[in-house]
There are 2 protein chains.
Amino acid sequence: MSKHLPLGPGGEFDRIRAIIAGLGAAAGPIGDDCALLPFGDTTLALSIDASLEGVHFRTDWLGFPEIGWRATAAALSDLAAEGAQPIGVLVSLGVPSDGQRSTDNASAAVDAAAEIMMGVGAAAQSVGAKVLGGDLVRAERYLVDVCVVGKADRPVRRAGARASDGVWVTGTLGGAAQALRELQAGRRPDPDAMRRFAHPEPRVAAGRWLASHGATAMIDISDGLAGDARHLAAASGLVVEIALERVPCWMGVQPLLAARSGEEYELLVTLPAAFGEGQARAFTLAHDLPLTRIGTCVPAPKGGPGAARFTDRGVAVAVPGGFDHFASA
Amino acid sequence: MSKHLPLGPGGEFDRIRAIIAGLGAAAGPIGDDCALLPFGDTTLALSIDASLEGVHFRTDWLGFPEIGWRATAAALSDLAAEGAQPIGVLVSLGVPSDGQRSTDNASAAVDAAAEIMMGVGAAAQSVGAKVLGGDLVRAERYLVDVCVVGKADRPVRRAGARASDGVWVTGTLGGAAQALRELQAGRRPDPDAMRRFAHPEPRVAAGRWLASHGATAMIDISDGLAGDARHLAAASGLVVEIALERVPCWMGVQPLLAARSGEEYELLVTLPAAFGEGQARAFTLAHDLPLTRIGTCVPAPKGGPGAARFTDRGVAVAVPGGFDHFASA
């Protein structure tokens with residue numbers, strides 16, 4: 001089954017490859033942002049994304065509604081990366097048995113589960129989806145696991161990039177990383193950067209626009225631009241060349257940090273060479289969001305696997321890969 | 001939105017009702033075993049079910065493949081209760097960073113994640129489904145959260161029971177509870193009972209048969225027969241009368257324990273009064289599984305809510321409700 005899983009390098013991805021090899025015939029075609037199921041005259045897109053207290057969030061950094069929003073936005077980002085229209089979300093919610101805290105208003109105990117779910121609901125509604133179901137369990141630490149379902153008449157996979165396609169990215173990268181760095185240092189982040197970290201916007205409308213304007217391959221950069229460029233390159237079997245000096249960076253953030261930040265939830269997309277700045281301006285007008293060309297696809301060396309290569313003003317630069325849950329353990 | 005959630009009583013269900021009230025318009029129609037989405041000429045059925053170490057399982061009671069099987073069977077049981085055909089599963093898997101244990105064969109480290117997923121894959125394959133995707137995260141304790149997707153041309157909801165319908169249950173109840181009691185006492189359970197606990201069979205084929213033979217309402221008894229009879233009665237707005245002496249019990253298990261055990265994953269189903277023992281025998285022949293009539297639906301007192309009533313040889317008996325994660329906390 002390993003042919004189903006052309007992922008970039010990394011301990012976590014080695015582990016996932018081993019799991020899928022062990023599954024044998026029980027595994028479906030795994031290896032895109034979403035599972036894609038042809039269904040009637042459309043394609044269902046499904047993805048699941050777990051957020052755990054202490055791993056993905058801390059309750060002293062984010063309020064409960066933000067925890068719910070962020071976990072849901074992360075899962076919806078996978079639908080965005082297929083150009084899919086979200087339909088609904090299902091949520092497994094783990095809360096400690098003392099998950100009710102009192103507030104200044106002594107009469108109103110705040111139910112953490114209800115607050116998290118209000119964030120989940122707000123994120124779902126922001127892209128036209130509903131909360132379809134869930135499971136509420138007692139847990140030692142907070143857990144928000146979100147499964148999203150959507151549909152796409154023409155899903156954009158990771159595997160469709162062609163040599164000479166342009167490589168583009170939405171948004172401005174590094175704000176979330178900057179906020180995270182400040183939080184980790186015990187400082188209060190800049191409010192705009194904090195908003196990027198706590199309240200990411202799933203790029204659903206942007207993804208659908210790109211899908212309908214010729215996108216050949218697309219991926220969300222939840223593992224970071226560098227790591228996800230490697231996944232896209234591996235799936236498409238070519239080399240993705242990225243010029244770091246072109247990467248749109250959050251004010252005060254260096255391109256190398258922006259390219260490694262795994263908290264961004266923007267889209268990396270390949271578009272035909274003919275897609276130019278005029279169309280990018282139309283995208284920006286429609287979505288109030290930058291769309292920046294940062295590189296080009298070139299053929300892989302004969303027989304070689306796909307790869308991502310980075311340069312800084314023409315000089316090759318090594319950019320370590322994306323976030324790896326197990327490498328950091 | 002509370003009209004969408006006619007559940008039985010219990011602290012956990014009060015909490016779920018509060019969550020759905022808070023969701024407002026963001027909530028879809030919640031309150032069946034699965035979320036049901038009309039889609040083309042069929043209906044999609046989706047459900048999510050979390051299994052946590054220390055809450056739902058212990059690694060000294062179950063092997064890793066059993067942990068994966070059991071978590072997946074529990075989720076597939078929700079599809080069975082709609083009469084749905086499973087399509088696939090998505091799994092969020094949390095494993096500790098030391099989730100590799102060595103075996104007697106020093107050369108073969110066992111990867112817990114891969115073993116759990118082999119159990120997930122086997123359970124999925126047993127009902128014709130595939131593993132479509134997942135998320136692998138580092139966690140303090142093992143976590144297996146399974147989202148299932150299936151389809152049903154005619155889903156059987158909880159709400160369709162009518163007065164005079166017969167009340168039936170599949171299988172034999174209490175084996176899993178007996179195994180659990182032995183495990184909790186530090187004893188080795190009887191192998192057959194242990195198999196019921198560790199390797200429950202999702203009743204998918206049985207559920208589809210019942211759906212095609214007139215089932216008016218159906219629910220899986222993952223909260224226990226007593227608690228889930230209350231959910232079905234509340235959804236259908238009538239009284240479900242159950243004769244405890246008719247409940248098919250595992251050898252050595254009293255009906256009261258069998259009716260409260262929340263580990264059974266059998267189906268509680270209402271069928272028209274005309275459905276009789278001859279058809280039950282046909283069911284048993286087809287599925288090698290008992291189907292036992294344990295009661296009757298009667299109208300609710302005028303204006304009153306649905307409820308479940310239990311008798312033992314004609315004498316009313318109080319049977320406390322189903323398993324409540326938060327009541328036990």
# chains A, B, ... in the order shown; residues from 1 in each chain; ligands from 1
$ interface_residues --of "chain A" --to "chain B" --cutoff "7 Å" --atoms "only C-alpha atoms" --output "VMD selection string"
chain A and resid 18 to 19 22 to 23 26 to 30 35 40 47 to 50 90 92 97 114 117 to 118 121 125 130 to 135 137 to 138 147 325 to 326 329
$ select_by_dssp --residues "stretch 278-315 of chain A" --states "strand (DSSP E)" --output "mmCIF file with N, CA and C atoms, in the first residue's frame"
data_model
loop_
_atom_site.group_PDB
_atom_site.id
_atom_site.type_symbol
_atom_site.label_atom_id
_atom_site.label_comp_id
_atom_site.auth_asym_id
_atom_site.auth_seq_id
_atom_site.Cartn_x
_atom_site.Cartn_y
_atom_site.Cartn_z
ATOM 1 N N LEU A 291 -2.267 36.443 -2.354
ATOM 2 C CA LEU A 291 -1.909 35.190 -3.038
ATOM 3 C C LEU A 291 -0.580 35.481 -3.720
ATOM 4 N N THR A 292 0.470 34.792 -3.277
ATOM 5 C CA THR A 292 1.830 35.172 -3.657
ATOM 6 C C THR A 292 2.533 34.013 -4.355
ATOM 7 N N ARG A 293 3.133 34.326 -5.493
ATOM 8 C CA ARG A 293 3.926 33.295 -6.164
ATOM 9 C C ARG A 293 5.287 33.189 -5.494
ATOM 10 N N ILE A 294 5.610 32.002 -5.019
ATOM 11 C CA ILE A 294 6.868 31.811 -4.283
ATOM 12 C C ILE A 294 7.798 30.833 -4.973
ATOM 13 N N GLY A 295 7.377 30.266 -6.120
ATOM 14 C CA GLY A 295 8.285 29.309 -6.754
ATOM 15 C C GLY A 295 7.695 28.657 -7.985
ATOM 16 N N THR A 296 8.359 27.587 -8.404
ATOM 17 C CA THR A 296 8.040 26.908 -9.655
ATOM 18 C C THR A 296 8.249 25.404 -9.471
ATOM 19 N N CYS A 297 7.461 24.625 -10.201
ATOM 20 C CA CYS A 297 7.670 23.172 -10.229
ATOM 21 C C CYS A 297 8.619 22.826 -11.374
ATOM 22 N N VAL A 298 9.569 21.961 -11.101
ATOM 23 C CA VAL A 298 10.481 21.480 -12.157
ATOM 24 C C VAL A 298 10.518 19.957 -12.102
ATOM 25 N N PRO A 299 10.912 19.311 -13.206
ATOM 26 C CA PRO A 299 10.926 17.845 -13.199
ATOM 27 C C PRO A 299 11.891 17.296 -12.154
ATOM 28 N N ALA A 307 10.783 16.255 -4.421
ATOM 29 C CA ALA A 307 11.485 16.913 -3.318
ATOM 30 C C ALA A 307 11.170 18.400 -3.353
ATOM 31 N N ALA A 308 11.441 19.072 -2.247
ATOM 32 C CA ALA A 308 11.326 20.532 -2.211
ATOM 33 C C ALA A 308 12.727 21.110 -2.057
ATOM 34 N N ARG A 309 12.993 22.170 -2.825
ATOM 35 C CA ARG A 309 14.301 22.843 -2.736
ATOM 36 C C ARG A 309 14.061 24.315 -2.439
ATOM 37 N N PHE A 310 14.887 24.846 -1.552
ATOM 38 C CA PHE A 310 14.720 26.234 -1.132
ATOM 39 C C PHE A 310 15.962 27.034 -1.493
ATOM 40 N N THR A 311 15.721 28.259 -1.943
ATOM 41 C CA THR A 311 16.836 29.181 -2.199
ATOM 42 C C THR A 311 16.530 30.497 -1.499
ATOM 43 N N ASP A 312 17.605 31.231 -1.189
ATOM 44 C CA ASP A 312 17.446 32.584 -0.642
ATOM 45 C C ASP A 312 18.275 33.499 -1.530
ATOM 46 N N VAL A 315 20.680 31.463 -3.591
ATOM 47 C CA VAL A 315 21.597 30.547 -2.907
ATOM 48 C C VAL A 315 20.791 29.430 -2.245
#
$ atom_distance --atom1 "atom CA of B:Arg58" --atom2 "atom CA of B:Pro320"
25.7 Å
$ atom_distance --atom1 "atom CA of A:Val253" --atom2 "atom CA of A:Arg203"
21.8 Å
$ atom_distance --atom1 "atom CA of A:Ala81" --atom2 "atom CA of A:Thr270"
11.6 Å
$ select_by_dssp --residues "stretch 175-292 of chain A" --states "alpha helix (DSSP H)" --output "PyMOL selection string"
chain A and resi 175-184+191-198+204-212+225-236+255-260+277-287
$ residues_around --residues "B:Gly237" --least-positions-apart "3" --cutoff "12 Å" --atoms "only C-alpha atoms" --output "PyMOL selection string"
chain B and resi 3+6-8+158-163+217+229-234+240+297-308
$ residues_around --residues "A:Gly171" --least-positions-apart "6" --cutoff "10 Å" --atoms "only C-alpha atoms" --output "list in words"
Arg203, Val247, Pro248, Cys249, Trp250, Glu264, Tyr265, Glu266, Leu267, Leu268, Thr284, Asp288, Leu289, Pro290, Leu291 and Thr292 of chain A
$ decode --residues "stretch 195-213 of chain A" --atoms "N, CA and C atoms" --output "PDB file, in the first residue's frame"
ATOM      1  N   ARG A 195      -4.388  36.717  17.321  1.00  0.00           N
ATOM      2  CA  ARG A 195      -5.605  36.337  16.611  1.00  0.00           C
ATOM      3  C   ARG A 195      -5.302  35.271  15.557  1.00  0.00           C
ATOM      4  N   ARG A 196      -4.156  35.396  14.894  1.00  0.00           N
ATOM      5  CA  ARG A 196      -3.754  34.384  13.915  1.00  0.00           C
ATOM      6  C   ARG A 196      -3.589  33.011  14.571  1.00  0.00           C
ATOM      7  N   PHE A 197      -3.065  33.028  15.796  1.00  0.00           N
ATOM      8  CA  PHE A 197      -2.835  31.772  16.505  1.00  0.00           C
ATOM      9  C   PHE A 197      -4.141  31.195  17.051  1.00  0.00           C
ATOM     10  N   ALA A 198      -4.959  32.061  17.642  1.00  0.00           N
ATOM     11  CA  ALA A 198      -6.126  31.580  18.390  1.00  0.00           C
ATOM     12  C   ALA A 198      -7.353  31.398  17.509  1.00  0.00           C
ATOM     13  N   HIS A 199      -7.395  32.105  16.399  1.00  0.00           N
ATOM     14  CA  HIS A 199      -8.632  32.172  15.618  1.00  0.00           C
ATOM     15  C   HIS A 199      -8.331  32.053  14.130  1.00  0.00           C
ATOM     16  N   PRO A 200      -7.625  30.991  13.708  1.00  0.00           N
ATOM     17  CA  PRO A 200      -7.297  30.876  12.279  1.00  0.00           C
ATOM     18  C   PRO A 200      -8.565  30.727  11.442  1.00  0.00           C
ATOM     19  N   GLU A 201      -8.534  31.334  10.266  1.00  0.00           N
ATOM     20  CA  GLU A 201      -9.690  31.261   9.363  1.00  0.00           C
ATOM     21  C   GLU A 201      -9.460  30.129   8.374  1.00  0.00           C
ATOM     22  N   PRO A 202     -10.334  29.123   8.365  1.00  0.00           N
ATOM     23  CA  PRO A 202     -10.156  28.077   7.357  1.00  0.00           C
ATOM     24  C   PRO A 202     -10.377  28.668   5.962  1.00  0.00           C
ATOM     25  N   ARG A 203      -9.493  28.399   5.040  1.00  0.00           N
ATOM     26  CA  ARG A 203      -9.502  29.057   3.730  1.00  0.00           C
ATOM     27  C   ARG A 203     -10.433  28.358   2.745  1.00  0.00           C
ATOM     28  N   VAL A 204     -11.659  28.138   3.181  1.00  0.00           N
ATOM     29  CA  VAL A 204     -12.612  27.364   2.385  1.00  0.00           C
ATOM     30  C   VAL A 204     -12.980  28.089   1.092  1.00  0.00           C
ATOM     31  N   ALA A 205     -13.383  29.352   1.198  1.00  0.00           N
ATOM     32  CA  ALA A 205     -13.774  30.089  -0.008  1.00  0.00           C
ATOM     33  C   ALA A 205     -12.568  30.244  -0.939  1.00  0.00           C
ATOM     34  N   ALA A 206     -11.407  30.506  -0.363  1.00  0.00           N
ATOM     35  CA  ALA A 206     -10.189  30.627  -1.171  1.00  0.00           C
ATOM     36  C   ALA A 206      -9.889  29.319  -1.898  1.00  0.00           C
ATOM     37  N   GLY A 207     -10.022  28.202  -1.187  1.00  0.00           N
ATOM     38  CA  GLY A 207      -9.747  26.904  -1.795  1.00  0.00           C
ATOM     39  C   GLY A 207     -10.692  26.607  -2.950  1.00  0.00           C
ATOM     40  N   ARG A 208     -11.969  26.962  -2.769  1.00  0.00           N
ATOM     41  CA  ARG A 208     -12.932  26.699  -3.843  1.00  0.00           C
ATOM     42  C   ARG A 208     -12.635  27.598  -5.048  1.00  0.00           C
ATOM     43  N   TRP A 209     -12.248  28.850  -4.792  1.00  0.00           N
ATOM     44  CA  TRP A 209     -11.894  29.759  -5.890  1.00  0.00           C
ATOM     45  C   TRP A 209     -10.705  29.189  -6.663  1.00  0.00           C
ATOM     46  N   LEU A 210      -9.682  28.756  -5.930  1.00  0.00           N
ATOM     47  CA  LEU A 210      -8.483  28.228  -6.592  1.00  0.00           C
ATOM     48  C   LEU A 210      -8.822  26.958  -7.376  1.00  0.00           C
ATOM     49  N   ALA A 211      -9.671  26.096  -6.803  1.00  0.00           N
ATOM     50  CA  ALA A 211     -10.069  24.874  -7.507  1.00  0.00           C
ATOM     51  C   ALA A 211     -10.758  25.207  -8.827  1.00  0.00           C
ATOM     52  N   SER A 212     -11.553  26.277  -8.821  1.00  0.00           N
ATOM     53  CA  SER A 212     -12.298  26.624 -10.038  1.00  0.00           C
ATOM     54  C   SER A 212     -11.483  27.512 -10.981  1.00  0.00           C
ATOM     55  N   HIS A 213     -10.259  27.856 -10.594  1.00  0.00           N
ATOM     56  CA  HIS A 213      -9.389  28.658 -11.459  1.00  0.00           C
ATOM     57  C   HIS A 213      -8.130  27.896 -11.849  1.00  0.00           C
TER      58      HIS A 213
END
